[in-house]
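Undergrad: Structure file data.txt (compact mmCIF, C-alpha atoms) right here:
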# COMPACT_ATOMS: atom_id res chain seq x y z
CA MET A 1 -116.40 -35.55 -12.00
CA ALA A 2 -114.64 -38.83 -12.80
CA ASP A 3 -116.05 -42.25 -11.95
CA VAL A 4 -115.71 -43.18 -8.30
CA LEU A 5 -112.36 -44.87 -7.56
CA ARG A 6 -112.31 -47.74 -5.06
CA VAL A 7 -109.10 -47.47 -3.02
CA VAL A 8 -108.19 -50.12 -0.45
CA VAL A 9 -105.65 -49.34 2.28
CA SER A 10 -104.58 -52.22 4.51
CA GLY A 11 -103.16 -51.69 7.96
CA ALA A 12 -105.55 -48.77 7.99
CA ALA A 13 -105.54 -48.36 11.78
CA GLY A 14 -101.75 -48.06 11.91
CA GLN A 15 -99.56 -44.99 12.11
CA ILE A 16 -98.44 -44.93 8.46
CA ALA A 17 -102.05 -45.04 7.29
CA TYR A 18 -102.92 -42.29 9.77
CA SER A 19 -100.37 -40.06 8.02
CA LEU A 20 -101.46 -41.27 4.57
CA LEU A 21 -105.25 -41.26 4.45
CA TYR A 22 -105.78 -37.50 4.65
CA SER A 23 -103.52 -36.86 1.66
CA ILE A 24 -105.29 -39.49 -0.42
CA ALA A 25 -108.73 -38.29 0.63
CA LYS A 26 -108.11 -34.62 -0.19
CA GLY A 27 -106.91 -35.38 -3.72
CA ASP A 28 -103.13 -35.16 -3.48
CA VAL A 29 -102.65 -38.57 -5.12
CA PHE A 30 -105.36 -39.30 -7.68
CA GLY A 31 -106.36 -35.76 -8.53
CA LYS A 32 -108.48 -32.91 -7.20
CA ASP A 33 -111.55 -34.03 -9.16
CA GLN A 34 -111.37 -37.77 -8.39
CA PRO A 35 -114.10 -39.01 -6.02
CA MET A 36 -113.33 -42.21 -4.16
CA ASP A 37 -114.62 -44.94 -1.92
CA LEU A 38 -111.98 -45.50 0.75
CA VAL A 39 -111.91 -49.07 2.06
CA LEU A 40 -110.01 -49.33 5.33
CA LEU A 41 -108.81 -52.90 5.87
CA ASP A 42 -107.33 -54.18 9.11
CA ILE A 43 -107.58 -57.13 11.48
CA GLU A 44 -110.66 -57.61 13.63
CA PRO A 45 -109.13 -56.32 16.91
CA MET A 46 -108.30 -52.99 15.19
CA LEU A 47 -111.85 -52.22 14.04
CA PRO A 48 -112.67 -50.05 17.10
CA ILE A 49 -109.61 -47.91 16.30
CA LEU A 50 -110.71 -47.74 12.66
CA ASP A 51 -113.99 -46.27 13.87
CA GLY A 52 -111.99 -43.38 15.30
CA VAL A 53 -110.03 -42.94 12.08
CA ILE A 54 -113.28 -42.85 10.12
CA MET A 55 -114.73 -40.25 12.49
CA GLU A 56 -111.69 -38.06 11.90
CA LEU A 57 -111.91 -38.43 8.13
CA GLN A 58 -115.58 -37.52 8.29
CA ASP A 59 -114.71 -34.49 10.42
CA CYS A 60 -112.18 -33.37 7.80
CA SER A 61 -115.23 -32.73 5.56
CA LEU A 62 -113.46 -33.79 2.37
CA PRO A 63 -115.69 -33.52 -0.72
CA LEU A 64 -113.91 -36.24 -2.72
CA VAL A 65 -114.75 -38.96 -0.20
CA ASN A 66 -117.82 -40.76 -1.47
CA SER A 67 -117.79 -43.39 1.30
CA LEU A 68 -115.61 -44.76 4.10
CA ILE A 69 -115.79 -48.51 4.54
CA PRO A 70 -114.09 -50.34 7.44
CA SER A 71 -113.41 -54.04 6.89
CA ALA A 72 -111.62 -57.03 8.39
CA ASP A 73 -112.54 -59.26 5.44
CA ALA A 74 -110.16 -59.19 2.46
CA ASN A 75 -112.74 -60.70 0.10
CA ASP A 76 -115.20 -57.90 0.84
CA ALA A 77 -112.56 -55.19 0.88
CA PHE A 78 -111.15 -55.95 -2.57
CA LYS A 79 -114.47 -56.27 -4.42
CA GLY A 80 -114.20 -54.05 -7.47
CA ALA A 81 -111.01 -52.42 -6.18
CA ASP A 82 -109.09 -50.08 -8.50
CA VAL A 83 -106.14 -49.49 -6.17
CA ALA A 84 -104.64 -51.39 -3.25
CA ILE A 85 -102.05 -49.87 -0.92
CA LEU A 86 -100.92 -52.71 1.32
CA VAL A 87 -99.38 -51.11 4.36
CA GLY A 88 -100.28 -53.76 6.91
CA ALA A 89 -97.74 -56.51 7.59
CA MET A 90 -96.40 -58.54 10.49
CA PRO A 91 -93.51 -56.56 12.02
CA ARG A 92 -90.40 -58.33 13.22
CA LYS A 93 -90.65 -58.88 16.96
CA PRO A 94 -87.86 -59.49 19.50
CA GLY A 95 -86.53 -63.02 19.18
CA MET A 96 -88.22 -63.60 15.82
CA GLU A 97 -86.07 -65.31 13.21
CA ARG A 98 -86.10 -64.09 9.62
CA ALA A 99 -87.86 -67.25 8.48
CA ASP A 100 -90.58 -66.69 11.11
CA LEU A 101 -91.19 -63.19 9.74
CA LEU A 102 -91.40 -64.45 6.16
CA LYS A 103 -93.78 -67.24 7.19
CA ALA A 104 -96.13 -64.86 9.02
CA ASN A 105 -96.22 -62.47 6.08
CA ALA A 106 -96.66 -65.27 3.54
CA LYS A 107 -100.05 -66.02 5.10
CA ILE A 108 -101.13 -62.38 5.07
CA PHE A 109 -100.12 -61.62 1.49
CA GLU A 110 -101.32 -64.94 0.10
CA VAL A 111 -104.79 -64.26 1.51
CA GLN A 112 -104.81 -60.73 0.13
CA GLY A 113 -103.44 -61.82 -3.25
CA LYS A 114 -106.12 -64.49 -3.61
CA ALA A 115 -108.82 -62.00 -2.60
CA MET A 116 -107.63 -59.55 -5.27
CA ASP A 117 -107.43 -62.35 -7.82
CA GLN A 118 -111.06 -63.27 -7.20
CA HIS A 119 -112.68 -59.93 -6.52
CA ALA A 120 -110.63 -56.91 -7.66
CA LYS A 121 -110.63 -55.37 -11.11
CA LYS A 122 -107.97 -56.92 -13.35
CA THR A 123 -106.63 -53.41 -13.88
CA ILE A 124 -105.98 -52.92 -10.14
CA LYS A 125 -102.76 -51.13 -9.27
CA VAL A 126 -101.13 -52.63 -6.16
CA LEU A 127 -98.45 -51.00 -4.01
CA VAL A 128 -96.94 -53.12 -1.23
CA VAL A 129 -95.45 -51.15 1.65
CA GLY A 130 -95.38 -53.65 4.52
CA ASN A 131 -91.94 -55.17 5.01
CA PRO A 132 -90.19 -57.18 3.72
CA ALA A 133 -91.87 -55.22 0.92
CA ASN A 134 -90.25 -56.78 -2.16
CA THR A 135 -90.91 -60.35 -1.06
CA ASN A 136 -94.38 -59.57 0.28
CA CYS A 137 -95.18 -58.04 -3.11
CA LEU A 138 -93.97 -61.21 -4.85
CA LEU A 139 -96.15 -63.34 -2.54
CA ALA A 140 -99.25 -61.26 -3.32
CA GLN A 141 -98.50 -61.28 -7.04
CA SER A 142 -97.93 -65.04 -7.08
CA SER A 143 -101.30 -65.54 -5.41
CA ALA A 144 -103.12 -63.43 -8.03
CA PRO A 145 -102.27 -65.06 -11.38
CA SER A 146 -105.18 -63.43 -13.25
CA ILE A 147 -103.83 -59.92 -12.59
CA PRO A 148 -100.88 -58.76 -14.76
CA LYS A 149 -97.52 -59.02 -12.99
CA GLU A 150 -96.70 -55.42 -13.84
CA ASN A 151 -99.68 -54.27 -11.74
CA PHE A 152 -97.80 -55.20 -8.55
CA THR A 153 -95.12 -52.86 -7.19
CA CYS A 154 -93.39 -52.26 -3.89
CA LEU A 155 -92.23 -49.06 -2.24
CA THR A 156 -88.65 -47.93 -2.69
CA ARG A 157 -89.59 -44.29 -3.21
CA LEU A 158 -88.92 -43.58 0.46
CA ASP A 159 -85.32 -44.67 -0.11
CA GLN A 160 -85.12 -42.48 -3.22
CA ASN A 161 -86.50 -39.50 -1.31
CA ARG A 162 -84.00 -40.11 1.48
CA ALA A 163 -81.15 -40.27 -1.02
CA GLN A 164 -82.20 -37.08 -2.81
CA ALA A 165 -82.50 -35.29 0.52
CA GLN A 166 -78.98 -36.33 1.58
CA ILE A 167 -77.48 -35.00 -1.66
CA ALA A 168 -79.54 -31.80 -1.57
CA HIS A 169 -78.49 -31.15 2.02
CA ARG A 170 -74.86 -31.75 1.13
CA LEU A 171 -75.08 -29.22 -1.71
CA GLY A 172 -77.34 -26.73 0.05
CA VAL A 173 -80.08 -26.87 -2.62
CA PRO A 174 -83.81 -27.74 -2.48
CA THR A 175 -84.52 -31.43 -2.94
CA ASN A 176 -86.41 -30.85 -6.20
CA LYS A 177 -83.15 -29.71 -7.78
CA VAL A 178 -81.77 -33.26 -7.49
CA SER A 179 -83.05 -35.79 -10.01
CA ASN A 180 -82.53 -39.35 -11.24
CA VAL A 181 -81.11 -40.87 -8.10
CA THR A 182 -81.76 -44.61 -8.43
CA ILE A 183 -82.53 -47.24 -5.81
CA TRP A 184 -81.56 -50.70 -7.01
CA GLY A 185 -82.65 -53.95 -5.40
CA ASN A 186 -84.29 -54.81 -2.12
CA HIS A 187 -85.86 -52.42 0.37
CA SER A 188 -83.37 -53.55 2.99
CA THR A 189 -79.84 -52.74 4.08
CA THR A 190 -78.59 -54.31 0.82
CA GLN A 191 -80.35 -51.71 -1.32
CA TYR A 192 -78.04 -49.67 -3.53
CA PRO A 193 -78.67 -45.89 -3.61
CA ASP A 194 -76.95 -44.93 -6.86
CA ALA A 195 -76.01 -41.34 -7.66
CA VAL A 196 -73.85 -42.20 -10.70
CA HIS A 197 -76.52 -41.08 -13.18
CA ALA A 198 -78.09 -38.42 -10.95
CA SER A 199 -77.85 -34.72 -11.64
CA VAL A 200 -78.43 -31.48 -9.78
CA ASP A 201 -79.78 -28.20 -11.14
CA ILE A 202 -77.53 -25.39 -9.95
CA ASN A 203 -78.61 -21.96 -11.20
CA GLY A 204 -80.30 -23.54 -14.19
CA VAL A 205 -77.32 -25.69 -15.15
CA LYS A 206 -77.71 -29.46 -14.89
CA THR A 207 -74.56 -30.95 -13.37
CA PRO A 208 -73.75 -34.60 -12.59
CA VAL A 209 -74.00 -35.17 -8.84
CA PHE A 210 -70.48 -36.60 -8.62
CA ASP A 211 -69.11 -33.40 -10.23
CA ALA A 212 -71.18 -31.16 -7.97
CA VAL A 213 -70.42 -32.95 -4.69
CA LYS A 214 -66.72 -33.43 -5.46
CA ASP A 215 -66.42 -36.17 -2.85
CA ASP A 216 -66.50 -39.63 -4.42
CA ALA A 217 -65.60 -41.27 -1.11
CA TRP A 218 -68.77 -39.88 0.48
CA LEU A 219 -71.01 -40.83 -2.47
CA THR A 220 -69.68 -44.41 -2.48
CA GLY A 221 -69.49 -44.69 1.31
CA ASP A 222 -71.37 -42.76 3.99
CA PHE A 223 -74.07 -41.57 1.59
CA ILE A 224 -75.01 -45.18 0.79
CA THR A 225 -74.92 -46.46 4.35
CA THR A 226 -76.89 -43.46 5.65
CA VAL A 227 -79.74 -44.19 3.22
CA GLN A 228 -79.58 -47.93 3.87
CA LYS A 229 -79.85 -47.46 7.64
CA ARG A 230 -82.07 -44.37 7.75
CA GLY A 231 -85.17 -46.27 8.87
CA ALA A 232 -83.32 -47.72 11.85
CA ALA A 233 -81.93 -44.28 12.71
CA VAL A 234 -85.42 -42.74 12.73
CA LEU A 235 -86.72 -45.61 14.86
CA ALA A 236 -83.88 -45.19 17.36
CA ALA A 237 -84.42 -41.43 17.64
CA ARG A 238 -88.19 -41.33 17.59
CA GLN A 239 -88.96 -44.68 19.22
CA LEU A 240 -91.46 -45.11 16.39
CA SER A 241 -90.99 -45.96 12.72
CA SER A 242 -90.84 -43.37 9.94
CA ALA A 243 -94.56 -42.98 9.30
CA MET A 244 -94.70 -39.43 7.96
CA SER A 245 -91.96 -39.90 5.36
CA ALA A 246 -93.34 -43.33 4.38
CA ALA A 247 -96.77 -41.83 3.81
CA LYS A 248 -95.27 -39.04 1.68
CA ALA A 249 -93.36 -41.61 -0.39
CA ILE A 250 -96.51 -43.68 -0.92
CA CYS A 251 -98.25 -40.57 -2.25
CA ASP A 252 -95.30 -39.80 -4.55
CA HIS A 253 -95.21 -43.38 -5.87
CA MET A 254 -98.94 -43.60 -6.59
CA ARG A 255 -99.23 -40.09 -8.04
CA ASP A 256 -96.42 -40.79 -10.50
CA TRP A 257 -97.96 -44.16 -11.38
CA TRP A 258 -101.26 -42.39 -12.01
CA PHE A 259 -100.08 -39.29 -13.85
CA GLY A 260 -96.66 -40.27 -15.21
CA THR A 261 -93.09 -39.07 -14.79
CA GLU A 262 -91.63 -35.84 -16.09
CA GLU A 263 -89.74 -35.82 -19.38
CA GLY A 264 -86.10 -36.72 -18.80
CA LYS A 265 -86.69 -37.93 -15.24
CA TRP A 266 -87.20 -41.32 -13.67
CA VAL A 267 -88.25 -42.70 -10.31
CA SER A 268 -87.47 -45.87 -8.38
CA MET A 269 -90.08 -48.59 -7.95
CA GLY A 270 -89.88 -52.22 -6.91
CA VAL A 271 -91.25 -54.03 -9.99
CA TYR A 272 -91.28 -57.51 -11.48
CA SER A 273 -88.02 -58.45 -13.17
CA ASP A 274 -88.48 -60.27 -16.47
CA GLY A 275 -84.75 -61.07 -16.64
CA LYS A 276 -84.12 -58.62 -19.50
CA HIS A 277 -82.78 -55.62 -17.61
CA TYR A 278 -79.35 -55.01 -16.09
CA GLY A 279 -78.60 -58.68 -15.52
CA ILE A 280 -81.19 -59.09 -12.77
CA PRO A 281 -82.71 -62.60 -12.82
CA GLU A 282 -86.35 -63.15 -13.72
CA GLY A 283 -88.90 -63.64 -10.99
CA HIS A 284 -87.91 -61.06 -8.39
CA ILE A 285 -89.54 -57.84 -7.32
CA TYR A 286 -86.49 -55.62 -7.74
CA SER A 287 -86.17 -51.85 -7.56
CA PHE A 288 -85.29 -50.32 -10.92
CA PRO A 289 -85.31 -46.83 -12.38
CA VAL A 290 -88.60 -46.52 -14.27
CA LYS A 291 -90.44 -44.05 -16.45
CA ILE A 292 -94.23 -44.02 -16.42
CA GLU A 293 -96.75 -43.10 -19.11
CA ASN A 294 -100.47 -43.89 -19.29
CA LYS A 295 -100.23 -45.71 -15.93
CA MET A 296 -97.65 -48.13 -17.38
CA TRP A 297 -94.08 -48.26 -16.12
CA THR A 298 -91.05 -49.22 -18.18
CA VAL A 299 -87.51 -49.79 -16.96
CA VAL A 300 -85.08 -47.08 -18.04
CA GLU A 301 -82.69 -48.65 -20.52
CA GLY A 302 -79.06 -48.07 -21.38
CA LEU A 303 -77.58 -46.85 -18.09
CA GLU A 304 -73.91 -47.73 -17.87
CA ILE A 305 -73.19 -49.93 -14.87
CA ASN A 306 -69.67 -49.77 -13.45
CA ASP A 307 -68.05 -52.56 -11.43
CA PHE A 308 -68.86 -50.91 -8.10
CA SER A 309 -72.55 -50.67 -9.01
CA ARG A 310 -72.63 -54.19 -10.47
CA ASN A 311 -71.41 -55.68 -7.21
CA LYS A 312 -73.94 -53.73 -5.11
CA MET A 313 -76.83 -54.68 -7.44
CA ASP A 314 -75.89 -58.36 -7.41
CA VAL A 315 -75.64 -58.52 -3.61
CA SER A 316 -79.21 -57.24 -3.32
CA ALA A 317 -80.43 -59.67 -6.01
CA LYS A 318 -78.84 -62.56 -4.09
CA GLU A 319 -80.63 -61.52 -0.90
CA LEU A 320 -83.95 -61.35 -2.76
CA LEU A 321 -83.42 -64.86 -4.14
CA GLU A 322 -82.81 -66.20 -0.64
CA GLU A 323 -85.93 -64.41 0.69
CA LYS A 324 -87.98 -65.69 -2.23
CA GLU A 325 -86.95 -69.31 -1.76
CA THR A 326 -87.80 -69.19 1.94
CA ALA A 327 -91.06 -67.27 1.60
CA MET A 328 -92.48 -69.18 -1.36
CA SER A 329 -92.11 -72.45 0.53
CA PHE A 330 -94.71 -71.16 2.99
CA LEU A 331 -97.45 -70.59 0.40
CA SER A 332 -100.25 -73.11 0.74
CA SER A 333 -100.35 -73.60 -3.02
CA GLN A 334 -96.70 -74.73 -3.12
Using structure tokens, write down the structure from this file.
TA:
Amino acid sequence: MADVLRVVVSGAAGQIAYSLLYSIAKGDVFGKDQPMDLVLLDIEPMLPILDGVIMELQDCSLPLVNSLIPSADANDAFKGADVAILVGAMPRKPGMERADLLKANAKIFEVQGKAMDQHAKKTIKVLVVGNPANTNCLLAQSSAPSIPKENFTCLTRLDQNRAQAQIAHRLGVPTNKVSNVTIWGNHSTTQYPDAVHASVDINGVKTPVFDAVKDDAWLTGDFITTVQKRGAAVLAARQLSSAMSAAKAICDHMRDWWFGTEEGKWVSMGVYSDGKHYGIPEGHIYSFPVKIENKMWTVVEGLEINDFSRNKMDVSAKELLEEKETAMSFLSSQ
């Protein structure tokens, strides 16, 4: 058996975590022979609910779970942590301005970033899920200067999965036949689901998605807006947010980060922009196509960007800059 992995999940009493924890605990993410300590972090009023979650995990009788640790203290939770999946965030409430949301989340992710900086392993891998995910990720990263910037990522895999599913449904093929759809930018309605470089396997023949679909207007129109607004559509239909699909995407993201991507394929992750890729300015957490090997991601190079794509990518970068400028002003260290 491998050394015990310490995995912290924040917002652990919430509905996304409820869909997520079983998959992590039974080995779907870090491997079937990887024992773990699961640290369940949430705010003090949620601890009684966490007790119920822990009882259920115990009752699942999962052999990989070494211990289950509830916590409302970030400093305790992140001690020696190998992995952090930050699901918990302040949701936007009726009447709340965008700046109010950013301010509330700045406090949360600054505290967690500082706790990781002081107490987590410097090799910790951090995935931010709570929205606004890109900017929250930047806030946490900025508050943890001793941890490499590339160790902080945010979730855009849900958007990628949504995009692949839309194309697969359109073509009547399983979703695993569609590959290399890219999500550029912010996990918001400015994100750009890009099928220009995507392909589909039809009877063993790899075909560009645009050639297979034969409907450019759909791929540059309704396809994009459907993916951009899918979360709102699920919320309207279900009266609850998309917890099951978010949990699946978290598992996909972390498993690929842990074990790597397949040869010839890439995935979308919100990662730190160093200013050297596709004209995106330095200092944002921006979703790029990445390949992963030995737990290290690298941005896929050399993709041709047409004028349509360039415009979409720049719009999302502009939004991220505006979010960053507002959110960073709320950090206590600024």
Undergrad: Between A:Asp216, A:Ala195, A:Cys251, A:Val178, which is the closest to Ala25 of chain A once you count all atoms listed in the file?
TA: A:Cys251
Undergrad: Can you work out which one of A:Ile224, A:Val205, A:Leu139, A:Leu62 has the shortest atom-to-atom distance to Gln166 of chain A, counting only C-alpha atoms?
TA: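 Under the stated criterion, the closest residue is A:Ile224.
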Undergrad: Find, counting all atoms listed in the file, the residue in A:Lys214, A:Lys103, A:His277, A:Lys295 that gets nearest to Gly260 of chain A.
TA: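 Among the listed residues, A:Lys295 lies closest to Gly260 of chain A.
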Undergrad: When distances are computed from all atoms listed in the file, which of A:Thr123, A:Gln164, A:Thr135, A:Gln34 shows the smallest separation from Val271 of chain A?
TA: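 Among A:Thr123, A:Gln164, A:Thr135, A:Gln34, it is A:Thr135 that comes nearest to Val271 of chain A.
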Undergrad: May I ask which of the residues A:Ala243, A:Leu5, A:Ile147, A:Ala140 is the closest one to Ile285 of chain A, counting only C-alpha atoms?
TA: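 Using only C-alpha atoms, the shortest distance to Ile285 of chain A belongs to A:Ala140.
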